[in-house]
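Trainee: Supplied structure: start.txt, compact mmCIF, C-alpha atoms.
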```
# COMPACT_ATOMS: atom_id res chain seq x y z
CA MET S 10 11.59 32.29 -23.81
CA ALA S 11 13.59 29.13 -24.26
CA GLU S 12 11.95 25.78 -24.77
CA THR S 13 11.23 23.70 -21.69
CA LEU S 14 10.56 20.08 -20.90
CA LYS S 15 8.22 18.68 -18.30
CA PHE S 16 10.30 17.35 -15.45
CA GLU S 17 9.01 14.93 -12.84
CA LEU S 18 10.81 13.28 -9.98
CA VAL S 19 8.77 10.58 -8.28
CA SER S 20 9.63 8.24 -5.43
CA PRO S 21 7.43 5.28 -4.49
CA GLU S 22 5.88 7.33 -1.72
CA GLU S 23 5.31 10.67 -3.38
CA LEU S 24 5.76 13.06 -6.26
CA LEU S 25 8.82 14.97 -5.13
CA LEU S 26 9.30 17.55 -7.80
CA SER S 27 7.35 18.46 -10.85
CA GLY S 28 7.42 21.36 -13.24
CA ASP S 29 8.95 22.81 -16.36
CA ALA S 30 12.70 22.62 -16.67
CA PHE S 31 15.30 23.96 -19.06
CA GLU S 32 17.81 21.21 -18.63
CA ALA S 33 18.85 18.36 -16.41
CA THR S 34 22.02 16.40 -15.82
CA VAL S 35 21.34 12.80 -14.96
CA PRO S 36 23.76 10.17 -13.54
CA GLY S 37 23.16 7.19 -15.85
CA VAL S 38 24.83 3.84 -15.19
CA GLU S 39 26.84 4.21 -18.35
CA GLY S 40 27.80 7.77 -17.76
CA GLU S 41 26.28 11.08 -16.90
CA PHE S 42 24.05 12.56 -19.55
CA GLY S 43 22.34 15.86 -20.10
CA VAL S 44 18.73 16.21 -21.11
CA LEU S 45 17.49 19.21 -23.03
CA PRO S 46 14.11 19.67 -24.67
CA ARG S 47 13.63 17.54 -27.81
CA HIS S 48 15.74 14.74 -26.45
CA ALA S 49 15.47 11.40 -28.26
CA PRO S 50 13.31 8.79 -26.49
CA PHE S 51 15.63 7.21 -23.98
CA VAL S 52 15.40 5.04 -20.89
CA SER S 53 18.35 4.62 -18.60
CA ALA S 54 19.01 3.05 -15.25
CA LEU S 55 20.65 5.47 -12.85
CA ARG S 56 23.57 4.81 -10.58
CA THR S 57 23.73 6.59 -7.27
CA GLY S 58 24.64 10.12 -8.17
CA ILE S 59 23.57 13.70 -8.21
CA LEU S 60 20.80 14.86 -10.45
CA THR S 61 20.94 18.53 -11.30
CA VAL S 62 17.92 20.20 -12.80
CA LYS S 63 17.40 23.82 -13.86
CA MET S 64 13.76 24.69 -13.53
CA ALA S 65 11.93 27.24 -15.65
CA ASP S 66 11.25 29.38 -12.60
CA GLY S 67 14.98 29.93 -12.24
CA SER S 68 15.58 27.57 -9.34
CA THR S 69 18.17 24.82 -9.51
CA HIS S 70 17.76 21.57 -7.64
CA GLU S 71 20.45 19.11 -6.73
CA ILE S 72 19.18 15.73 -5.64
CA LEU S 73 20.98 12.54 -4.72
CA VAL S 74 19.14 9.80 -6.64
CA ARG S 75 19.22 6.21 -7.75
CA GLY S 76 16.62 4.58 -9.97
CA LEU S 77 15.50 4.95 -13.53
CA ALA S 78 15.02 7.85 -15.92
CA GLN S 79 12.79 8.07 -18.93
CA ALA S 80 13.47 10.92 -21.30
CA GLY S 81 11.29 11.91 -24.21
CA PRO S 82 11.10 14.88 -26.55
CA ASP S 83 9.02 16.92 -24.15
CA ALA S 84 9.38 15.22 -20.78
CA LEU S 85 11.86 13.73 -18.36
CA THR S 86 10.60 11.38 -15.67
CA VAL S 87 12.86 10.10 -12.94
CA LEU S 88 11.63 7.07 -11.01
CA ALA S 89 13.76 7.25 -7.91
CA GLU S 90 14.33 4.44 -5.47
CA VAL S 91 16.18 6.92 -3.35
CA ALA S 92 15.93 10.67 -3.56
CA VAL S 93 17.54 12.99 -1.07
CA ARG S 94 18.06 16.67 -1.62
CA VAL S 95 21.72 17.48 -1.32
CA GLY S 96 20.92 19.99 1.39
CA ASP S 97 19.00 17.41 3.42
CA TYR S 98 21.69 14.77 3.28
CA ASN S 99 22.56 13.62 6.78
CA ALA S 100 26.02 12.12 6.84
CA GLU S 101 25.70 10.81 10.38
CA GLN S 102 22.41 9.10 9.65
CA VAL S 103 23.86 7.38 6.61
CA ALA S 104 26.97 6.37 8.54
CA SER S 105 24.87 4.79 11.27
CA ASP S 106 22.69 3.06 8.64
CA ILE S 107 25.87 1.64 7.15
CA ARG S 108 26.90 0.29 10.53
CA ASP S 109 23.46 -1.28 11.04
CA THR S 110 23.49 -2.85 7.62
CA GLU S 111 27.01 -4.19 8.10
CA GLU S 112 25.67 -5.91 11.17
CA ASP S 113 22.76 -7.30 9.17
CA VAL S 114 25.19 -8.75 6.64
CA ARG S 115 27.14 -10.45 9.40
CA ASP S 116 24.05 -11.74 11.20
CA ALA S 117 22.24 -12.98 8.09
CA THR S 118 21.34 -16.62 8.52
CA ASP S 119 20.53 -17.51 4.94
CA GLU S 120 21.98 -16.62 1.59
CA THR S 121 19.10 -14.53 0.21
CA THR S 122 18.93 -12.31 3.28
CA ARG S 123 22.67 -11.83 3.19
CA VAL S 124 22.69 -10.89 -0.48
CA ARG S 125 19.88 -8.40 0.01
CA ALA S 126 21.57 -6.81 3.00
CA ALA S 127 24.82 -6.62 1.06
CA THR S 128 23.06 -4.85 -1.81
CA ARG S 129 21.56 -2.37 0.59
CA LEU S 130 24.97 -1.82 2.13
CA LYS S 131 26.49 -1.17 -1.27
CA HIS S 132 23.80 1.39 -2.07
CA LEU S 133 24.41 3.20 1.20
CA LYS S 134 28.16 3.23 0.68
CA ASP S 135 27.65 4.59 -2.84
CA MET S 136 25.63 7.43 -1.38
CA GLN S 137 28.37 8.17 1.11
CA ASP S 138 31.04 8.07 -1.58
CA VAL S 139 29.14 10.39 -3.88
CA MET S 140 28.61 12.92 -1.13
CA GLN S 141 32.19 12.72 0.07
CA ALA S 142 33.48 13.24 -3.44
CA ARG S 143 31.67 16.57 -3.51
CA HIS S 144 33.57 17.99 -0.59
CA MET C 16 -41.89 -5.88 30.81
CA PRO C 17 -38.56 -4.47 32.04
CA SER C 18 -38.69 -2.35 35.12
CA LEU C 19 -37.99 1.38 35.10
CA LYS C 20 -34.56 0.79 36.57
CA ASP C 21 -33.70 -1.74 33.85
CA LEU C 22 -34.76 0.71 31.19
CA ARG C 23 -32.69 3.47 32.74
CA ASN C 24 -29.65 1.21 32.72
CA ARG C 25 -30.19 0.18 29.12
CA ILE C 26 -30.50 3.79 28.01
CA ALA C 27 -27.28 4.69 29.84
CA SER C 28 -25.40 1.82 28.25
CA VAL C 29 -26.63 2.53 24.74
CA LYS C 30 -25.66 6.16 25.22
CA ALA C 31 -22.15 5.08 26.18
CA THR C 32 -21.98 2.86 23.10
CA ARG C 33 -23.10 5.72 20.92
CA LYS C 34 -20.34 7.91 22.30
CA ILE C 35 -17.77 5.26 21.49
CA THR C 36 -18.96 4.65 17.94
CA LYS C 37 -19.16 8.39 17.34
CA ALA C 38 -15.58 8.79 18.52
CA MET C 39 -14.44 5.89 16.35
CA GLN C 40 -16.13 7.44 13.38
CA MET C 41 -14.32 10.71 13.91
CA VAL C 42 -10.98 9.00 14.40
CA ALA C 43 -11.55 7.01 11.21
CA ALA C 44 -12.39 10.21 9.34
CA ALA C 45 -9.14 11.81 10.42
CA LYS C 46 -7.12 8.71 9.57
CA LEU C 47 -8.92 8.38 6.27
CA ARG C 48 -7.74 11.79 5.20
CA ARG C 49 -4.14 10.86 5.94
CA ALA C 50 -4.44 7.48 4.23
CA GLN C 51 -6.01 9.07 1.18
CA THR C 52 -3.24 11.63 0.89
CA ALA C 53 -0.66 8.84 1.07
CA ALA C 54 -2.48 6.82 -1.56
CA ASP C 55 -2.71 9.85 -3.87
CA ALA C 56 0.96 10.65 -3.39
CA ALA C 57 2.02 7.14 -4.34
CA ARG C 58 -0.05 7.03 -7.50
CA PRO C 59 2.32 8.87 -9.89
CA TYR C 60 5.18 6.43 -9.28
CA ALA C 61 3.02 3.38 -9.92
CA GLU C 62 1.64 4.99 -13.07
CA ARG C 63 5.03 5.94 -14.51
CA MET C 64 6.34 2.53 -13.59
CA SER C 65 3.65 0.77 -15.54
CA THR C 66 4.19 3.10 -18.50
CA VAL C 67 7.88 2.27 -18.63
CA LEU C 68 7.24 -1.43 -18.09
CA GLY C 69 4.50 -1.41 -20.69
CA SER C 70 6.80 -0.03 -23.35
CA LEU C 71 9.59 -2.38 -22.32
CA ALA C 72 7.29 -5.36 -22.35
CA ALA C 73 6.01 -4.50 -25.79
CA GLY C 74 9.57 -4.57 -27.07
CA ILE C 75 10.57 -7.78 -25.41
CA ALA C 76 7.37 -9.82 -25.61
CA GLY C 77 7.71 -13.15 -27.34
CA GLN C 78 11.48 -13.12 -27.29
CA PRO C 79 13.17 -16.17 -25.79
CA GLY C 80 14.94 -15.61 -22.52
CA ALA C 81 12.46 -13.07 -21.25
CA PRO C 82 12.49 -12.90 -17.44
CA GLU C 83 10.31 -15.43 -15.62
CA LEU C 84 8.74 -12.71 -13.53
CA MET C 85 7.18 -11.40 -16.72
CA VAL C 86 6.33 -14.50 -18.71
CA GLY C 87 5.89 -16.97 -15.86
CA THR C 88 7.47 -20.34 -15.32
CA GLY C 89 5.49 -21.88 -18.13
CA ARG C 90 3.49 -23.91 -15.64
CA ASP C 91 0.21 -23.18 -13.96
CA ASP C 92 0.16 -25.73 -11.14
CA THR C 93 0.85 -23.96 -7.91
CA HIS C 94 -0.80 -20.70 -7.03
CA LEU C 95 0.17 -18.30 -4.31
CA LEU C 96 -2.57 -16.00 -3.09
CA VAL C 97 -1.40 -12.94 -1.20
CA VAL C 98 -4.37 -11.72 0.78
CA CYS C 99 -4.10 -8.21 2.17
CA THR C 100 -6.62 -7.28 4.83
CA ALA C 101 -6.79 -4.90 7.74
CA GLU C 102 -5.35 -5.49 11.17
CA ARG C 103 -8.47 -4.40 12.98
CA GLY C 104 -12.11 -5.21 12.76
CA LEU C 105 -15.20 -3.08 13.24
CA CYS C 106 -15.14 -1.88 9.68
CA GLY C 107 -18.24 -3.44 8.22
CA GLY C 108 -17.79 -6.06 5.56
CA PHE C 109 -14.36 -4.79 4.55
CA ASN C 110 -12.22 -7.72 5.70
CA SER C 111 -14.73 -10.44 5.03
CA SER C 112 -15.36 -9.33 1.46
CA ILE C 113 -11.64 -9.54 0.64
CA ALA C 114 -11.37 -12.91 2.37
CA LYS C 115 -14.45 -14.12 0.52
CA LEU C 116 -13.01 -13.20 -2.86
CA ALA C 117 -9.76 -14.98 -2.01
CA ARG C 118 -11.64 -18.00 -0.70
CA ASP C 119 -13.77 -18.31 -3.82
CA HIS C 120 -10.69 -18.01 -6.00
CA ALA C 121 -8.83 -20.63 -3.97
CA ASN C 122 -11.76 -23.02 -4.07
CA ALA C 123 -12.14 -22.59 -7.81
CA LEU C 124 -8.44 -23.33 -8.30
CA MET C 125 -8.57 -26.38 -6.09
CA ARG C 126 -11.54 -27.71 -8.01
CA GLU C 127 -9.33 -27.56 -11.09
CA GLY C 128 -6.79 -29.68 -9.26
CA LYS C 129 -4.21 -26.95 -8.64
CA THR C 130 -2.19 -26.50 -5.51
CA VAL C 131 -3.00 -23.37 -3.56
CA LYS C 132 -0.78 -21.60 -1.06
CA LEU C 133 -1.69 -18.51 0.85
CA MET C 134 0.18 -15.62 2.33
CA CYS C 135 -1.86 -13.48 4.68
CA VAL C 136 -1.03 -9.85 5.21
CA GLY C 137 -3.05 -8.55 8.09
CA ARG C 138 -4.48 -10.39 11.04
CA LYS C 139 -8.15 -10.24 10.14
CA GLY C 140 -7.81 -12.12 6.88
CA HIS C 141 -5.67 -14.72 8.58
CA ASP C 142 -8.32 -15.26 11.26
CA VAL C 143 -10.89 -16.09 8.62
CA LEU C 144 -8.70 -18.09 6.27
CA LYS C 145 -6.83 -20.22 8.78
CA ARG C 146 -9.99 -22.12 9.58
CA LEU C 147 -10.46 -23.11 5.95
CA PHE C 148 -6.92 -23.40 4.66
CA GLY C 149 -4.88 -23.85 7.85
CA LYS C 150 -2.02 -25.86 6.41
CA GLN C 151 -1.88 -24.04 3.11
CA ILE C 152 -0.95 -20.73 4.69
CA VAL C 153 2.77 -20.40 4.12
CA ASP C 154 3.34 -17.03 5.73
CA VAL C 155 1.60 -14.40 7.79
CA VAL C 156 2.69 -10.80 7.77
CA ASP C 157 1.62 -8.76 10.73
CA LEU C 158 1.58 -5.01 10.23
CA ARG C 159 -0.01 -4.18 13.54
CA GLY C 160 3.04 -2.40 14.84
CA VAL C 161 3.33 -0.18 11.77
CA ARG C 162 2.14 3.34 12.34
CA GLN C 163 2.74 4.92 8.97
CA LEU C 164 2.88 2.65 5.94
CA GLY C 165 6.10 3.15 4.04
CA PHE C 166 7.55 1.66 0.90
CA GLY C 167 9.65 -0.52 3.20
CA GLU C 168 6.60 -2.62 4.07
CA GLY C 169 5.81 -3.17 0.41
CA GLU C 170 9.42 -4.18 -0.21
CA MET C 171 9.42 -6.51 2.75
CA ILE C 172 6.38 -8.40 1.52
CA ALA C 173 7.65 -8.40 -2.07
CA GLU C 174 10.92 -9.90 -0.85
CA LYS C 175 9.07 -12.74 0.82
CA VAL C 176 7.10 -13.38 -2.37
CA LEU C 177 10.18 -13.25 -4.57
CA LYS C 178 12.09 -15.55 -2.26
CA LEU C 179 9.35 -18.14 -2.58
CA PHE C 180 9.27 -17.64 -6.33
CA GLU C 181 13.02 -18.09 -6.66
CA ALA C 182 12.76 -21.26 -4.62
CA GLY C 183 10.20 -22.53 -7.13
CA GLU C 184 7.42 -22.66 -4.55
CA PHE C 185 4.74 -21.39 -6.88
CA ASP C 186 4.05 -20.53 -10.53
CA VAL C 187 1.40 -17.87 -10.37
CA CYS C 188 0.93 -15.19 -7.74
CA THR C 189 -2.28 -13.26 -7.23
CA LEU C 190 -2.73 -10.31 -4.93
CA PHE C 191 -6.03 -9.67 -3.15
CA TYR C 192 -6.91 -6.29 -1.75
CA SER C 193 -9.63 -3.72 -1.81
CA THR C 194 -9.67 -0.84 -4.25
CA PHE C 195 -10.66 2.43 -2.69
CA LYS C 196 -13.43 3.85 -4.86
CA SER C 197 -14.93 6.23 -2.36
CA VAL C 198 -15.66 6.45 1.34
CA VAL C 199 -18.71 4.27 0.97
CA SER C 200 -17.48 1.92 -1.70
CA GLN C 201 -14.47 -0.35 -1.59
CA VAL C 202 -14.23 -3.01 -4.24
CA PRO C 203 -12.42 -6.26 -3.44
CA THR C 204 -9.92 -6.75 -6.24
CA GLN C 205 -7.62 -9.46 -7.46
CA LEU C 206 -4.48 -8.65 -9.37
CA ARG C 207 -2.04 -11.07 -10.93
CA LEU C 208 1.46 -10.20 -9.77
CA ILE C 209 3.51 -13.00 -11.31
CA PRO C 210 3.63 -13.33 -14.25
CA ALA C 211 3.24 -9.58 -14.41
CA GLN C 212 0.41 -8.25 -16.46
CA PHE C 213 0.25 -4.88 -18.06
CA ASP C 214 -1.24 -3.25 -21.02
CA ALA C 215 1.49 -3.48 -23.61
CA ASN C 216 0.07 -0.55 -25.53
CA GLU C 217 0.09 1.75 -22.59
CA GLY C 218 2.14 4.92 -22.87
CA GLY C 219 5.08 4.03 -25.03
CA ALA C 220 3.03 2.96 -28.02
CA GLY C 221 4.73 3.92 -31.23
CA VAL C 222 7.78 5.38 -29.52
CA ASN C 223 10.98 3.44 -29.84
CA PHE C 224 12.99 4.04 -26.75
CA GLU C 225 16.71 3.70 -26.59
CA TYR C 226 17.74 1.66 -23.55
CA GLU C 227 20.81 1.96 -21.43
CA PRO C 228 21.86 -0.64 -20.35
CA ASP C 229 19.80 -2.99 -22.54
CA GLU C 230 16.17 -3.96 -22.03
CA ASN C 231 16.88 -7.21 -20.25
CA GLU C 232 19.01 -5.62 -17.60
CA ILE C 233 16.52 -2.88 -16.94
CA LEU C 234 13.71 -5.40 -16.79
CA ALA C 235 15.63 -7.64 -14.41
CA ASP C 236 15.93 -4.69 -12.09
CA LEU C 237 12.48 -3.29 -12.63
CA LEU C 238 10.27 -6.38 -12.37
CA PRO C 239 11.06 -7.15 -8.73
CA ARG C 240 10.55 -3.49 -7.98
CA ASN C 241 7.23 -3.60 -9.73
CA VAL C 242 6.10 -6.36 -7.38
CA ALA C 243 7.01 -4.17 -4.43
CA VAL C 244 5.25 -1.19 -5.98
CA GLN C 245 2.07 -3.17 -6.60
CA VAL C 246 2.06 -4.57 -3.07
CA PHE C 247 2.70 -1.13 -1.64
CA ARG C 248 -0.14 0.31 -3.66
CA ALA C 249 -2.45 -2.46 -2.48
CA LEU C 250 -1.50 -1.72 1.12
CA LEU C 251 -2.22 1.96 0.69
CA GLU C 252 -5.54 1.33 -1.03
CA ASN C 253 -6.41 -1.04 1.77
CA ALA C 254 -5.46 1.46 4.44
CA ALA C 255 -7.70 4.10 2.89
CA GLY C 256 -10.49 1.60 2.26
CA GLU C 257 -10.37 0.27 5.80
CA GLN C 258 -10.80 3.71 7.30
CA GLY C 259 -13.56 4.53 4.82
CA ALA C 260 -15.38 1.31 5.63
CA ARG C 261 -14.97 1.89 9.34
CA MET C 262 -16.25 5.41 9.02
CA SER C 263 -19.46 4.38 7.34
CA ALA C 264 -19.91 1.36 9.61
CA MET C 265 -19.52 3.54 12.67
CA ASP C 266 -21.81 6.16 11.21
CA ASN C 267 -24.48 3.48 10.89
CA ALA C 268 -23.82 2.24 14.39
CA THR C 269 -24.12 5.74 15.80
CA ARG C 270 -27.39 6.27 14.00
CA ASN C 271 -28.76 2.92 15.19
CA ALA C 272 -27.79 3.71 18.74
CA GLY C 273 -29.62 7.02 18.44
CA ASP C 274 -32.77 5.30 17.19
CA MET C 275 -32.57 2.80 19.98
CA ILE C 276 -32.22 5.51 22.61
CA ASP C 277 -35.31 7.24 21.23
CA LYS C 278 -37.28 4.03 21.38
CA LEU C 279 -36.12 3.16 24.86
CA THR C 280 -36.78 6.66 26.14
CA LEU C 281 -40.30 6.48 24.75
CA SER C 282 -41.11 3.25 26.50
CA TYR C 283 -39.40 4.52 29.63
CA ASN C 284 -41.64 7.59 29.70
CA ARG C 285 -44.71 5.58 28.92
CA GLN C 286 -44.00 3.17 31.70
CA ARG C 287 -43.28 5.94 34.17
CA GLN C 288 -46.58 7.55 33.28
CA ALA C 289 -48.35 4.21 33.68
CA GLN C 290 -46.85 3.81 37.11
CA ILE C 291 -47.90 7.30 38.17
CA THR C 292 -51.41 6.63 36.96
CA LYS C 293 -51.47 3.34 38.79
CA GLU C 294 -50.33 4.96 42.04
CA LEU C 295 -52.95 7.68 41.68
CA ILE C 296 -55.67 5.10 41.15
CA GLU C 297 -54.51 3.28 44.22
CA ILE C 298 -54.60 6.45 46.31
CA ILE C 299 -57.99 7.53 44.97
CA SER C 300 -59.59 4.14 45.36
CA GLY C 301 -58.08 3.94 48.82
CA ALA C 302 -59.60 7.32 49.68
CA GLU C 303 -62.99 6.27 48.26
CA ALA C 304 -63.02 3.12 50.33
CA LEU C 305 -62.88 5.10 53.53
```
Would you write the structure of this file as structure tokens?
Mentor:
Amino acid sequence: MAETLKFELVSPEELLLSGDAFEATVPGVEGEFGVLPRHAPFVSALRTGILTVKMADGSTHEILVRGLAQAGPDALTVLAEVAVRVGDYNAEQVASDIRDTEEDVRDATDETTRVRAATRLKHLKDMQDVMQARH
Amino acid sequence: MPSLKDLRNRIASVKATRKITKAMQMVAAAKLRRAQTAADAARPYAERMSTVLGSLAAGIAGQPGAPELMVGTGRDDTHLLVVCTAERGLCGGFNSSIAKLARDHANALMREGKTVKLMCVGRKGHDVLKRLFGKQIVDVVDLRGVRQLGFGEGEMIAEKVLKLFEAGEFDVCTLFYSTFKSVVSQVPTQLRLIPAQFDANEGGAGVNFEYEPDENEILADLLPRNVAVQVFRALLENAAGEQGARMSAMDNATRNAGDMIDKLTLSYNRQRQAQITKELIEIISGAEAL
């Protein structure tokens, strides 16, 4: 039996995935990195990308995430701002969100609102790009 | 002495009231379960967040150039109180105890000569506070139309707070809400949001984390998020607490209504009996007079 690490994926609203994992591939802002058991203590911000994790029960999960990851020798915790299972990704929904947000950017009356809408728009477009790159 | 008809009407109306309070209690119980599940589900994120922040803060504390959200503006003159209450009443002392805590805090600050501004989340707190601090209320957030609390609401409120902070409108921000201890006990709580406070020894003690990108960048991203997370948690705790408070308030009301019905029924019966006796006496004495 190979060594495992305790993997947790949490979003602000709920604990999405938790359990023992063999390995995970995480999309860090400065490049994708793999996490195996006995990883050095490491905290990284995550760009929008696909997190792949091989669980000890043999299942593999692919999740579209953005947020922050904290890796330690025996655990990997992903604090996700966004987490969508690749299978649940709804291209039409995202496309319509992008249209709505584009409108928000145009209609914004003050600078702060505009900047925040623009950030949201960028995040959504990143998601779209990542998913399109897969196909 | 009310007449028999009056008594009958009273009993009917108290019975109707009891039905309503009973129904409200059951609705609150169902909603409580949902709110509690939501609050439990959100807990891991907040916990991990404070662990990561705690270890980051320990590393960066005391360094020059630390973000203002963490160390404050260096002043202590203007305070923003974010008061989270429920949107609906009929939940015992739930709303008033939060408002009272906020009021006491505001009064204490004003006695020290500080400026106090308030942001009210929830209509009930606003109703109470606007009478005392009318002009000092800078914003009111109404969540009446929200069916299921999501992280979006927390973010929305956090954005308002951060916008004010960036504009230099206040130096210290305190959040008021009610911690959900159990169905019968909700504790009004105050939590300092800005400058952020956390236990620096929490979690990451003794472990030197490698950061990518560097600490400052992660902190700059994480601190605003932490505000949203804290607000969101407060909202969830409040939601659960409100339903818990309503449940026990309505349970009491139902019980009181029951007691009242018993009492009224007793006097109704007694009076009916008295009337029968009186009529009998009249008949008998009438018969004797013949």
Trainee: Could you check how far CA of Leu158 (chain C) sits from CA of Pro59 (chain C), in Å to one decimal?
Mentor: 24.5 Å
Trainee: Using only C-alpha atoms, can you tell me which of C:Glu232, C:Glu257, C:Glu102, C:Asp142 comes closest to chain S?
Mentor: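 For chain S, the nearest of the given residues is C:Glu232.
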Trainee: Give the residues of chain C that lie within 6 Å of chain S; count all atoms listed in the file, and format the answer as a short mmCIF file (atom, residue, chain, number, x, y, z; two decimals) with C-alpha atoms, in the coordinates of the input.
Mentor:
```cif
data_model
loop_
_atom_site.label_atom_id
_atom_site.label_comp_id
_atom_site.auth_asym_id
_atom_site.auth_seq_id
_atom_site.Cartn_x
_atom_site.Cartn_y
_atom_site.Cartn_z
CA ALA C 56 0.96 10.65 -3.39
CA ALA C 57 2.02 7.14 -4.34
CA TYR C 60 5.18 6.43 -9.28
CA PHE C 224 12.99 4.04 -26.75
CA GLU C 225 16.71 3.70 -26.59
CA TYR C 226 17.74 1.66 -23.55
CA GLU C 227 20.81 1.96 -21.43
#
```
Trainee: Between CA of Ile152 (chain C) and CA of Met134 (chain C), what is the distance, to one decimal in Å?
Mentor: 5.7 Å
Trainee: Quote the spacing between CA of Leu71 (chain C) and CA of Glu83 (chain C) in Å to one decimal place.
Mentor: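 CA of Glu83 (chain C) lies at a distance of 14.7 Å from CA of Leu71 (chain C).
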Trainee: Any chance you could build region 30-43 of chain C out to N, CA, C and O atoms and write it as a PDB file, in the frame of the given file?
Mentor:
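This went into result_3.pdb:
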```pdb
ATOM      1  N   LYS C  30     -26.256   4.828  25.395  1.00  0.00           N
ATOM      2  CA  LYS C  30     -25.660   6.160  25.220  1.00  0.00           C
ATOM      3  C   LYS C  30     -24.147   6.075  25.226  1.00  0.00           C
ATOM      4  O   LYS C  30     -23.480   6.736  24.433  1.00  0.00           O
ATOM      5  N   ALA C  31     -23.617   5.237  26.126  1.00  0.00           N
ATOM      6  CA  ALA C  31     -22.150   5.080  26.180  1.00  0.00           C
ATOM      7  C   ALA C  31     -21.652   4.478  24.875  1.00  0.00           C
ATOM      8  O   ALA C  31     -20.642   4.923  24.312  1.00  0.00           O
ATOM      9  N   THR C  32     -22.384   3.478  24.366  1.00  0.00           N
ATOM     10  CA  THR C  32     -21.980   2.860  23.100  1.00  0.00           C
ATOM     11  C   THR C  32     -21.983   3.894  21.976  1.00  0.00           C
ATOM     12  O   THR C  32     -21.080   3.931  21.142  1.00  0.00           O
ATOM     13  N   ARG C  33     -23.016   4.738  21.995  1.00  0.00           N
ATOM     14  CA  ARG C  33     -23.100   5.720  20.920  1.00  0.00           C
ATOM     15  C   ARG C  33     -21.907   6.680  20.966  1.00  0.00           C
ATOM     16  O   ARG C  33     -21.365   7.056  19.935  1.00  0.00           O
ATOM     17  N   LYS C  34     -21.506   7.026  22.178  1.00  0.00           N
ATOM     18  CA  LYS C  34     -20.340   7.910  22.300  1.00  0.00           C
ATOM     19  C   LYS C  34     -19.114   7.251  21.701  1.00  0.00           C
ATOM     20  O   LYS C  34     -18.329   7.890  21.003  1.00  0.00           O
ATOM     21  N   ILE C  35     -18.957   5.963  21.988  1.00  0.00           N
ATOM     22  CA  ILE C  35     -17.770   5.260  21.490  1.00  0.00           C
ATOM     23  C   ILE C  35     -17.781   5.182  19.967  1.00  0.00           C
ATOM     24  O   ILE C  35     -16.791   5.503  19.300  1.00  0.00           O
ATOM     25  N   THR C  36     -18.928   4.794  19.401  1.00  0.00           N
ATOM     26  CA  THR C  36     -18.960   4.650  17.940  1.00  0.00           C
ATOM     27  C   THR C  36     -18.777   6.004  17.260  1.00  0.00           C
ATOM     28  O   THR C  36     -18.132   6.110  16.229  1.00  0.00           O
ATOM     29  N   LYS C  37     -19.329   7.042  17.893  1.00  0.00           N
ATOM     30  CA  LYS C  37     -19.160   8.390  17.340  1.00  0.00           C
ATOM     31  C   LYS C  37     -17.677   8.766  17.325  1.00  0.00           C
ATOM     32  O   LYS C  37     -17.160   9.294  16.338  1.00  0.00           O
ATOM     33  N   ALA C  38     -17.009   8.468  18.437  1.00  0.00           N
ATOM     34  CA  ALA C  38     -15.580   8.790  18.520  1.00  0.00           C
ATOM     35  C   ALA C  38     -14.799   8.004  17.481  1.00  0.00           C
ATOM     36  O   ALA C  38     -13.932   8.544  16.793  1.00  0.00           O
ATOM     37  N   MET C  39     -15.153   6.708  17.329  1.00  0.00           N
ATOM     38  CA  MET C  39     -14.440   5.890  16.350  1.00  0.00           C
ATOM     39  C   MET C  39     -14.642   6.418  14.942  1.00  0.00           C
ATOM     40  O   MET C  39     -13.728   6.391  14.113  1.00  0.00           O
ATOM     41  N   GLN C  40     -15.846   6.901  14.705  1.00  0.00           N
ATOM     42  CA  GLN C  40     -16.130   7.440  13.380  1.00  0.00           C
ATOM     43  C   GLN C  40     -15.256   8.659  13.103  1.00  0.00           C
ATOM     44  O   GLN C  40     -14.702   8.806  12.019  1.00  0.00           O
ATOM     45  N   MET C  41     -15.110   9.505  14.134  1.00  0.00           N
ATOM     46  CA  MET C  41     -14.320  10.710  13.910  1.00  0.00           C
ATOM     47  C   MET C  41     -12.843  10.383  13.759  1.00  0.00           C
ATOM     48  O   MET C  41     -12.149  10.979  12.936  1.00  0.00           O
ATOM     49  N   VAL C  42     -12.378   9.423  14.537  1.00  0.00           N
ATOM     50  CA  VAL C  42     -10.980   9.000  14.400  1.00  0.00           C
ATOM     51  C   VAL C  42     -10.749   8.437  13.000  1.00  0.00           C
ATOM     52  O   VAL C  42      -9.759   8.770  12.330  1.00  0.00           O
ATOM     53  N   ALA C  43     -11.695   7.604  12.536  1.00  0.00           N
ATOM     54  CA  ALA C  43     -11.550   7.010  11.210  1.00  0.00           C
ATOM     55  C   ALA C  43     -11.532   8.089  10.138  1.00  0.00           C
ATOM     56  O   ALA C  43     -10.767   8.005   9.176  1.00  0.00           O
TER      57      ALA C  43
END
```
